[in-house]
>>> print(open('model_8.cif').read())   # mmCIF, C-alpha atoms
data_run
loop_
_atom_site.label_atom_id
_atom_site.label_comp_id
_atom_site.auth_asym_id
_atom_site.auth_seq_id
_atom_site.Cartn_x
_atom_site.Cartn_y
_atom_site.Cartn_z
CA MET F 1 82.06 135.64 108.77
CA GLU F 2 81.99 132.28 110.54
CA ASP F 3 78.41 131.75 109.36
CA VAL F 4 79.35 132.35 105.74
CA LEU F 5 82.45 130.14 105.83
CA SER F 6 80.64 127.36 107.66
CA LYS F 7 78.31 127.02 104.65
CA ILE F 8 81.17 125.71 102.52
CA CYS F 9 82.38 122.97 104.85
CA ASP F 10 81.17 120.13 102.63
CA LYS F 11 83.73 118.00 100.84
CA GLN F 12 82.33 119.02 97.44
CA ALA F 13 82.82 122.75 98.14
CA PHE F 14 86.60 122.66 97.68
CA GLU F 15 86.54 125.15 94.79
CA TYR F 16 84.70 127.71 96.93
CA ARG F 17 87.14 127.21 99.80
CA LYS F 18 90.04 127.66 97.41
CA ILE F 19 88.63 130.99 96.22
CA VAL F 20 88.19 132.22 99.81
CA ILE F 21 91.71 131.13 100.75
CA GLU F 22 93.18 132.85 97.69
CA GLU F 23 91.38 136.08 98.54
CA TYR F 24 92.57 136.01 102.15
CA ASN F 25 96.08 135.21 100.94
CA ARG F 26 96.02 138.05 98.43
CA ARG F 27 95.21 140.44 101.28
CA ASP F 28 97.82 138.85 103.60
CA LEU F 29 95.07 137.78 106.02
CA VAL F 30 95.60 134.01 106.08
CA ASP F 31 96.22 134.11 109.82
CA ASN F 32 92.79 135.69 110.31
CA LEU F 33 91.22 132.98 108.17
CA ILE F 34 92.91 130.27 110.23
CA GLU F 35 91.46 131.78 113.41
CA ILE F 36 87.98 131.83 111.89
CA ILE F 37 88.30 128.24 110.68
CA ARG F 38 89.29 127.06 114.15
CA VAL F 39 85.95 128.29 115.50
CA ILE F 40 83.87 126.56 112.82
CA PRO F 41 82.54 123.13 113.85
CA ASN F 42 83.22 120.22 111.47
CA ASN F 43 86.05 122.10 109.78
CA GLN F 44 88.07 119.10 108.59
CA TYR F 45 87.65 119.95 104.90
CA TRP F 46 88.51 123.57 105.57
CA GLU F 47 91.71 122.50 107.30
CA GLN F 48 92.56 120.14 104.43
CA SER F 49 91.93 122.86 101.83
CA LEU F 50 94.07 125.30 103.75
CA SER F 51 96.84 122.77 104.18
CA ASP F 52 96.75 121.94 100.47
CA TYR F 53 96.85 125.59 99.48
CA LEU F 54 99.74 126.43 101.78
CA GLY F 55 101.80 123.57 100.41
CA ASN F 56 101.65 121.30 103.41
CA GLU F 57 100.18 118.51 101.38
CA SER F 58 101.91 115.40 100.24
CA ILE F 59 101.32 114.20 96.72
CA ASP F 60 101.90 110.75 95.36
CA GLU F 61 104.63 111.63 92.90
CA SER F 62 103.65 108.82 90.56
CA PHE F 63 100.57 110.94 89.75
CA ILE F 64 102.89 113.66 88.45
CA THR F 65 104.59 111.30 86.02
CA SER F 66 101.26 109.82 84.98
CA ALA F 67 99.74 113.26 84.39
CA PHE F 68 102.71 114.34 82.27
CA GLU F 69 102.44 111.18 80.16
CA LYS F 70 98.71 111.66 79.57
CA LEU F 71 99.10 115.34 78.76
CA LYS F 72 101.93 114.68 76.29
CA VAL F 73 99.65 112.59 74.09
CA SER F 74 96.61 114.83 74.36
CA ASP F 75 96.29 117.62 71.84
CA SER F 76 93.41 119.52 73.43
CA TYR F 77 91.06 119.50 76.36
CA SER F 78 88.88 116.40 76.47
CA GLU F 79 87.06 114.22 78.97
CA GLU F 80 89.92 111.69 78.88
CA THR F 81 92.49 114.31 79.87
CA MET F 82 90.37 116.18 82.41
CA SER F 83 91.75 114.48 85.52
CA SER F 84 95.37 114.93 84.42
CA LEU F 85 94.74 118.51 83.44
CA ARG F 86 93.03 119.30 86.73
CA PHE F 87 95.87 117.61 88.66
CA TYR F 88 98.46 119.60 86.70
CA VAL F 89 96.76 122.94 87.33
CA ASP F 90 95.90 122.27 90.99
CA ASN F 91 99.38 121.03 91.87
CA ILE F 92 101.63 123.12 89.66
CA LYS F 93 103.23 124.91 92.61
CA TYR F 94 104.12 121.61 94.25
CA ILE F 95 105.48 120.33 90.93
CA ILE F 96 107.64 123.43 90.51
CA LYS F 97 108.99 123.18 94.05
CA HIS F 98 109.63 119.43 94.13
CA LYS F 99 109.81 118.13 90.54
CA GLU F 100 111.20 121.03 88.56
CA ARG F 101 113.54 118.92 86.41
CA GLU F 102 110.70 116.62 85.42
CA LEU F 103 108.57 119.67 84.63
CA ASP F 104 111.37 121.14 82.50
CA ARG F 105 111.64 117.89 80.52
CA PHE F 106 107.87 117.89 80.04
CA ILE F 107 107.94 121.49 78.80
CA ASP F 108 110.79 120.73 76.39
CA GLU F 109 108.79 117.86 74.89
CA ILE F 110 105.59 119.84 74.38
CA LYS F 111 107.11 123.17 73.33
CA ASP F 112 105.61 124.85 70.24
CA ARG F 113 103.10 122.11 69.37
CA ASN F 114 99.90 124.16 69.48
CA TRP F 115 97.89 126.60 71.62
CA TYR F 116 96.89 123.90 74.11
CA TYR F 117 100.47 122.94 74.93
CA ASN F 118 101.51 126.59 75.02
CA TRP F 119 98.75 127.12 77.58
CA LEU F 120 100.21 124.30 79.75
CA ILE F 121 103.63 125.93 79.51
CA PHE F 122 102.12 129.32 80.36
CA ILE F 123 100.59 127.93 83.56
CA ALA F 124 103.96 126.58 84.67
CA GLU F 125 105.95 129.69 83.80
CA VAL F 126 103.54 132.14 85.44
CA ASN F 127 103.55 130.08 88.63
CA ARG F 128 107.36 129.93 88.57
CA VAL F 129 107.53 133.71 88.47
CA ILE F 130 105.01 134.02 91.30
CA LEU F 131 106.89 131.51 93.46
CA LYS F 132 110.25 133.22 92.82
CA LYS F 133 108.79 136.59 93.70
CA ARG F 134 107.32 135.25 96.94
CA PHE F 135 110.59 133.55 97.79
CA LYS F 136 112.53 136.81 97.36
CA GLN F 137 110.15 138.63 99.71
#
>>> encode(input="model_8.cif", output="C-alpha coordinates")
Amino acid sequence: MEDVLSKICDKQAFEYRKIVIEEYNRRDLVDNLIEIIRVIPNNQYWEQSLSDYLGNESIDESFITSAFEKLKVSDSYSEETMSSLRFYVDNIKYIIKHKERELDRFIDEIKDRNWYYNWLIFIAEVNRVILKKRFKQ
(Lines of atoms letter the chains of each structure in order from A and count residues from 1; the text may use other names and numbers.)
(Lines give C-alpha, C1' and ligand atoms only; values in the text may rest on other atoms or scores of the structure.)
Protein backbone atom coordinates (compact mmCIF):
# COMPACT_ATOMS: atom_id res chain seq x y z
CA MET A 1 0.00 0.00 0.00
CA GLU A 2 2.90 2.35 0.69
CA ASP A 3 3.93 2.15 -2.96
CA VAL A 4 0.47 3.15 -4.15
CA LEU A 5 0.10 6.02 -1.67
CA SER A 6 3.60 7.31 -2.35
CA LYS A 7 2.57 7.94 -5.98
CA ILE A 8 0.21 10.71 -4.87
CA CYS A 9 2.66 12.70 -2.77
CA ASP A 10 2.84 15.63 -5.19
CA LYS A 11 1.26 18.92 -4.21
CA GLN A 12 -1.13 18.76 -7.18
CA ALA A 13 -2.53 15.36 -6.13
CA PHE A 14 -4.61 16.75 -3.26
CA GLU A 15 -7.90 15.52 -4.74
CA TYR A 16 -6.58 11.95 -4.91
CA ARG A 17 -5.32 12.14 -1.33
CA LYS A 18 -8.70 13.45 -0.21
CA ILE A 19 -10.46 10.48 -1.82
CA VAL A 20 -8.10 8.01 -0.11
CA ILE A 21 -8.53 9.73 3.26
CA GLU A 22 -12.32 9.71 2.90
CA GLU A 23 -12.31 5.99 2.09
CA TYR A 24 -10.11 5.17 5.08
CA ASN A 25 -12.30 7.37 7.27
CA ARG A 26 -15.47 5.69 6.02
CA ARG A 27 -14.02 2.34 7.08
CA ASP A 28 -12.75 3.74 10.43
CA LEU A 29 -9.15 3.01 9.42
CA VAL A 30 -7.64 6.50 9.63
CA ASP A 31 -5.14 5.30 12.22
CA ASN A 32 -3.88 2.69 9.76
CA LEU A 33 -3.54 5.35 7.08
CA ILE A 34 -1.53 7.56 9.45
CA GLU A 35 0.86 4.68 10.11
CA ILE A 36 1.32 4.10 6.38
CA ILE A 37 1.89 7.81 5.73
CA ARG A 38 4.59 7.95 8.40
CA VAL A 39 6.62 5.38 6.45
CA ILE A 40 6.36 7.21 3.13
CA PRO A 41 9.32 9.49 2.36
CA ASN A 42 8.53 13.11 1.41
CA ASN A 43 5.07 12.88 2.96
CA GLN A 44 4.59 16.57 3.77
CA TYR A 45 1.60 16.97 1.43
CA TRP A 46 0.06 13.79 2.76
CA GLU A 47 0.36 15.11 6.30
CA GLN A 48 -1.13 18.45 5.26
CA SER A 49 -4.05 16.75 3.48
CA LEU A 50 -4.71 14.57 6.49
CA SER A 51 -4.53 17.51 8.85
CA ASP A 52 -6.92 19.51 6.66
CA TYR A 53 -9.37 16.64 6.45
CA LEU A 54 -9.37 15.97 10.17
CA GLY A 55 -10.07 19.61 10.93
CA ASN A 56 -6.69 20.55 12.32
CA GLU A 57 -6.26 23.28 9.78
CA SER A 58 -6.52 26.95 10.37
CA ILE A 59 -8.36 29.06 7.85
CA ASP A 60 -8.08 32.77 7.34
CA GLU A 61 -11.63 33.68 8.31
CA SER A 62 -11.66 36.68 6.01
CA PHE A 63 -11.80 34.15 3.15
CA ILE A 64 -15.11 32.89 4.54
CA THR A 65 -16.67 36.34 4.44
CA SER A 66 -15.22 37.00 1.00
CA ALA A 67 -16.52 33.69 -0.35
CA PHE A 68 -20.01 34.37 1.01
CA GLU A 69 -20.04 37.82 -0.60
CA LYS A 70 -18.96 36.47 -3.99
CA LEU A 71 -21.43 33.60 -3.86
CA LYS A 72 -24.33 35.90 -2.93
CA VAL A 73 -23.97 37.83 -6.18
CA SER A 74 -23.37 34.83 -8.40
CA ASP A 75 -26.40 33.13 -9.87
CA SER A 76 -24.71 30.02 -11.25
CA TYR A 77 -21.39 28.30 -11.58
CA SER A 78 -18.86 30.35 -13.54
CA GLU A 79 -15.13 30.87 -13.82
CA GLU A 80 -15.38 34.01 -11.66
CA THR A 81 -17.03 32.12 -8.80
CA MET A 82 -14.97 28.94 -9.03
CA SER A 83 -12.48 29.79 -6.27
CA SER A 84 -15.22 30.87 -3.86
CA LEU A 85 -17.30 27.84 -4.68
CA ARG A 86 -14.37 25.48 -4.21
CA PHE A 87 -13.46 27.18 -0.91
CA TYR A 88 -17.07 26.88 0.30
CA VAL A 89 -17.32 23.17 -0.54
CA ASP A 90 -13.84 22.24 0.72
CA ASN A 91 -14.23 24.09 4.02
CA ILE A 92 -17.92 23.69 4.80
CA LYS A 93 -17.25 21.56 7.88
CA TYR A 94 -14.92 24.19 9.30
CA ILE A 95 -17.48 26.90 8.51
CA ILE A 96 -20.23 24.95 10.28
CA LYS A 97 -18.06 24.35 13.35
CA HIS A 98 -16.60 27.84 13.67
CA LYS A 99 -18.80 30.29 11.74
CA GLU A 100 -22.28 28.83 11.99
CA ARG A 101 -24.04 32.16 12.60
CA GLU A 102 -22.41 33.69 9.54
CA LEU A 103 -23.40 30.60 7.54
CA ASP A 104 -26.99 30.89 8.78
CA ARG A 105 -27.14 34.54 7.69
CA PHE A 106 -25.73 33.57 4.30
CA ILE A 107 -28.35 30.82 3.91
CA ASP A 108 -31.16 33.19 4.89
CA GLU A 109 -30.05 35.66 2.21
CA ILE A 110 -29.84 33.10 -0.60
CA LYS A 111 -32.86 30.97 0.30
CA ASP A 112 -35.27 30.10 -2.54
CA ARG A 113 -33.50 32.07 -5.29
CA ASN A 114 -32.86 29.23 -7.74
CA TRP A 115 -31.40 25.72 -8.06
CA TYR A 116 -27.82 26.95 -7.70
CA TYR A 117 -28.44 28.61 -4.34
CA ASN A 118 -30.53 25.65 -3.18
CA TRP A 119 -27.54 23.46 -4.01
CA LEU A 120 -25.29 25.65 -1.79
CA ILE A 121 -27.82 25.32 1.02
CA PHE A 122 -28.02 21.56 0.48
CA ILE A 123 -24.24 21.22 0.88
CA ALA A 124 -24.36 23.06 4.20
CA GLU A 125 -27.38 21.20 5.58
CA VAL A 126 -26.12 17.73 4.65
CA ASN A 127 -22.78 18.45 6.29
CA ARG A 128 -24.54 19.77 9.41
CA VAL A 129 -26.42 16.50 9.76
CA ILE A 130 -23.23 14.48 9.26
CA LEU A 131 -21.33 16.52 11.84
CA LYS A 132 -24.17 16.25 14.39
CA LYS A 133 -24.36 12.51 13.89
CA ARG A 134 -20.60 12.13 14.37
CA PHE A 135 -20.72 14.34 17.44
CA LYS A 136 -23.44 12.18 19.04
CA GLN A 137 -21.37 9.03 18.49
>>> closest_residue(input="model_8.cif", among="F:Glu15, F:Glu61, F:Glu22, F:Asp31", to="F:His98", atoms="only C-alpha atoms")
F:Glu61
>>> closest_residue(input="model_8.cif", among="F:Ser83, F:Ile96, F:Trp46, F:Cys9", to="F:Lys132", atoms="only C-alpha atoms")
F:Ile96
>>> resolve_selection(input="model_8.cif", expression="the PyMOL selection byres ((chain F and resi 110) around 10)", output="list in words")
Leu71, Lys72, Val73, Asp75, Arg105, Phe106, Ile107, Asp108, Glu109, Lys111, Asp112, Arg113, Asn114, Tyr116, Tyr117, Asn118, Leu120 and Ile121 of chain F
>>> atom_distance(input="model_8.cif", atom1="atom CA of F:Phe68", atom2="atom CA of F:Ser84")
7.7 Å
>>> resolve_selection(input="model_8.cif", expression="the PyMOL selection byres ((chain F and resi 16) around 12)", output="VMD selection string")
chain F and resid 4 to 15 17 to 23 45 to 46 49 to 50
>>> atom_distance(input="model_8.cif", atom1="atom CA of F:Tyr24", atom2="atom CA of F:Ser51")
14.1 Å
>>> atom_distance(input="model_8.cif", atom1="atom CA of F:Leu29", atom2="atom CA of F:Phe122")
27.9 Å
>>> axis_aligned_box(input="model_8.cif", around="stretch 112-129 of chain F", padding_each_side="6 Å", output="lines of an AutoDock Vina configuration file")
center_x = 102.2
center_y = 127.9
center_z = 79.0
size_x = 22.6
size_y = 23.6
size_z = 31.3
>>> closest_residue(input="model_8.cif", among="F:Glu125, F:Glu100, F:Phe63, F:Val30", to="F:Phe87", atoms="all atoms listed in the file")
F:Phe63
>>> residues_around(input="model_8.cif", residues="F:Arg134", least_positions_apart="4", cutoff="12 Å", atoms="all atoms listed in the file", output="PyMOL selection string")
chain F and resi 25-26+93+127-130
>>> write_last_selection(input="model_8.cif", atoms="C-alpha atoms", output="short mmCIF file (atom, residue, chain, number, x, y, z; two decimals), keeping the file's coordinate frame")
data_model
loop_
_atom_site.label_atom_id
_atom_site.label_comp_id
_atom_site.auth_asym_id
_atom_site.auth_seq_id
_atom_site.Cartn_x
_atom_site.Cartn_y
_atom_site.Cartn_z
CA ASN F 25 96.08 135.21 100.94
CA ARG F 26 96.02 138.05 98.43
CA LYS F 93 103.23 124.91 92.61
CA ASN F 127 103.55 130.08 88.63
CA ARG F 128 107.36 129.93 88.57
CA VAL F 129 107.53 133.71 88.47
CA ILE F 130 105.01 134.02 91.30
#
>>> closest_residue(input="model_8.cif", among="F:Glu2, F:Val89, F:Ser66, F:Thr81", to="F:Ile37", atoms="only C-alpha atoms")
F:Glu2
>>> decode(input="model_8.cif", residues="stretch 14-56 of chain F", atoms="N, CA and C atoms", output="CSV table (one decimal), in the first residue's frame")
chain,number,residue,atom,x,y,z
F,14,PHE,N,-3.8,16.6,-4.5
F,14,PHE,CA,-4.6,16.7,-3.3
F,14,PHE,C,-6.0,16.1,-3.4
F,15,GLU,N,-6.6,16.1,-4.6
F,15,GLU,CA,-7.9,15.5,-4.7
F,15,GLU,C,-7.8,14.0,-4.6
F,16,TYR,N,-6.8,13.4,-5.1
F,16,TYR,CA,-6.6,11.9,-4.9
F,16,TYR,C,-6.4,11.6,-3.4
F,17,ARG,N,-5.6,12.4,-2.7
F,17,ARG,CA,-5.3,12.1,-1.3
F,17,ARG,C,-6.6,12.3,-0.5
F,18,LYS,N,-7.4,13.2,-0.9
F,18,LYS,CA,-8.7,13.5,-0.2
F,18,LYS,C,-9.6,12.2,-0.4
F,19,ILE,N,-9.6,11.7,-1.6
F,19,ILE,CA,-10.5,10.5,-1.8
F,19,ILE,C,-10.0,9.3,-1.0
F,20,VAL,N,-8.7,9.1,-0.9
F,20,VAL,CA,-8.1,8.0,-0.1
F,20,VAL,C,-8.4,8.2,1.4
F,21,ILE,N,-8.3,9.4,1.8
F,21,ILE,CA,-8.5,9.7,3.3
F,21,ILE,C,-10.0,9.5,3.6
F,22,GLU,N,-10.9,9.9,2.7
F,22,GLU,CA,-12.3,9.7,2.9
F,22,GLU,C,-12.7,8.2,3.0
F,23,GLU,N,-12.0,7.4,2.1
F,23,GLU,CA,-12.3,6.0,2.1
F,23,GLU,C,-11.8,5.3,3.4
F,24,TYR,N,-10.6,5.7,3.8
F,24,TYR,CA,-10.1,5.2,5.1
F,24,TYR,C,-11.0,5.6,6.2
F,25,ASN,N,-11.4,6.9,6.2
F,25,ASN,CA,-12.3,7.4,7.3
F,25,ASN,C,-13.6,6.6,7.3
F,26,ARG,N,-14.2,6.4,6.1
F,26,ARG,CA,-15.5,5.7,6.0
F,26,ARG,C,-15.4,4.3,6.6
F,27,ARG,N,-14.2,3.7,6.5
F,27,ARG,CA,-14.0,2.3,7.1
F,27,ARG,C,-13.4,2.4,8.5
F,28,ASP,N,-13.3,3.6,9.1
F,28,ASP,CA,-12.8,3.7,10.4
F,28,ASP,C,-11.3,3.2,10.5
F,29,LEU,N,-10.5,3.5,9.5
F,29,LEU,CA,-9.2,3.0,9.4
F,29,LEU,C,-8.2,4.2,9.3
F,30,VAL,N,-8.5,5.3,9.8
F,30,VAL,CA,-7.6,6.5,9.6
F,30,VAL,C,-6.3,6.3,10.4
F,31,ASP,N,-6.4,5.6,11.5
F,31,ASP,CA,-5.1,5.3,12.2
F,31,ASP,C,-4.2,4.4,11.4
F,32,ASN,N,-4.7,3.5,10.6
F,32,ASN,CA,-3.9,2.7,9.8
F,32,ASN,C,-3.3,3.5,8.7
F,33,LEU,N,-4.0,4.5,8.1
F,33,LEU,CA,-3.5,5.4,7.1
F,33,LEU,C,-2.4,6.2,7.6
F,34,ILE,N,-2.6,6.7,8.8
F,34,ILE,CA,-1.5,7.6,9.4
F,34,ILE,C,-0.2,6.8,9.6
F,35,GLU,N,-0.3,5.5,10.0
F,35,GLU,CA,0.9,4.7,10.1
F,35,GLU,C,1.5,4.5,8.8
F,36,ILE,N,0.8,4.3,7.7
F,36,ILE,CA,1.3,4.1,6.4
F,36,ILE,C,2.0,5.4,5.9
F,37,ILE,N,1.4,6.5,6.2
F,37,ILE,CA,1.9,7.8,5.7
F,37,ILE,C,3.2,8.1,6.4
F,38,ARG,N,3.3,7.7,7.7
F,38,ARG,CA,4.6,7.9,8.4
F,38,ARG,C,5.8,7.2,7.8
F,39,VAL,N,5.6,6.2,7.1
F,39,VAL,CA,6.6,5.4,6.5
F,39,VAL,C,7.0,6.0,5.1
F,40,ILE,N,6.1,6.7,4.5
F,40,ILE,CA,6.4,7.2,3.1
F,40,ILE,C,7.3,8.4,3.2
F,41,PRO,N,8.4,8.3,2.4
F,41,PRO,CA,9.3,9.5,2.4
F,41,PRO,C,8.7,10.7,1.7
F,42,ASN,N,9.1,11.9,2.0
F,42,ASN,CA,8.5,13.1,1.4
F,42,ASN,C,7.0,13.1,1.5
F,43,ASN,N,6.5,13.0,2.7
F,43,ASN,CA,5.1,12.9,3.0
F,43,ASN,C,4.4,14.2,3.4
F,44,GLN,N,5.1,15.3,3.2
F,44,GLN,CA,4.6,16.6,3.8
F,44,GLN,C,3.2,16.9,3.2
F,45,TYR,N,2.9,16.6,2.0
F,45,TYR,CA,1.6,17.0,1.4
F,45,TYR,C,0.6,16.0,1.9
F,46,TRP,N,1.0,14.8,2.2
F,46,TRP,CA,0.1,13.8,2.8
F,46,TRP,C,-0.3,14.3,4.2
F,47,GLU,N,0.6,14.7,4.9
F,47,GLU,CA,0.4,15.1,6.3
F,47,GLU,C,-0.5,16.3,6.3
F,48,GLN,N,-0.3,17.3,5.4
F,48,GLN,CA,-1.1,18.5,5.3
F,48,GLN,C,-2.6,18.1,4.9
F,49,SER,N,-2.7,17.2,3.9
F,49,SER,CA,-4.0,16.7,3.5
F,49,SER,C,-4.8,16.1,4.6
F,50,LEU,N,-4.1,15.3,5.4
F,50,LEU,CA,-4.7,14.6,6.5
F,50,LEU,C,-5.1,15.6,7.6
F,51,SER,N,-4.2,16.5,7.9
F,51,SER,CA,-4.5,17.5,8.9
F,51,SER,C,-5.7,18.4,8.4
F,52,ASP,N,-5.8,18.7,7.2
F,52,ASP,CA,-6.9,19.5,6.7
F,52,ASP,C,-8.2,18.7,6.8
F,53,TYR,N,-8.2,17.5,6.4
F,53,TYR,CA,-9.4,16.6,6.4
F,53,TYR,C,-9.9,16.4,7.9
F,54,LEU,N,-9.0,16.2,8.8
F,54,LEU,CA,-9.4,16.0,10.2
F,54,LEU,C,-9.8,17.2,10.9
F,55,GLY,N,-9.6,18.4,10.3
F,55,GLY,CA,-10.1,19.6,10.9
F,55,GLY,C,-9.0,20.3,11.8
F,56,ASN,N,-7.8,19.9,11.6
F,56,ASN,CA,-6.7,20.5,12.3
F,56,ASN,C,-6.1,21.8,11.6
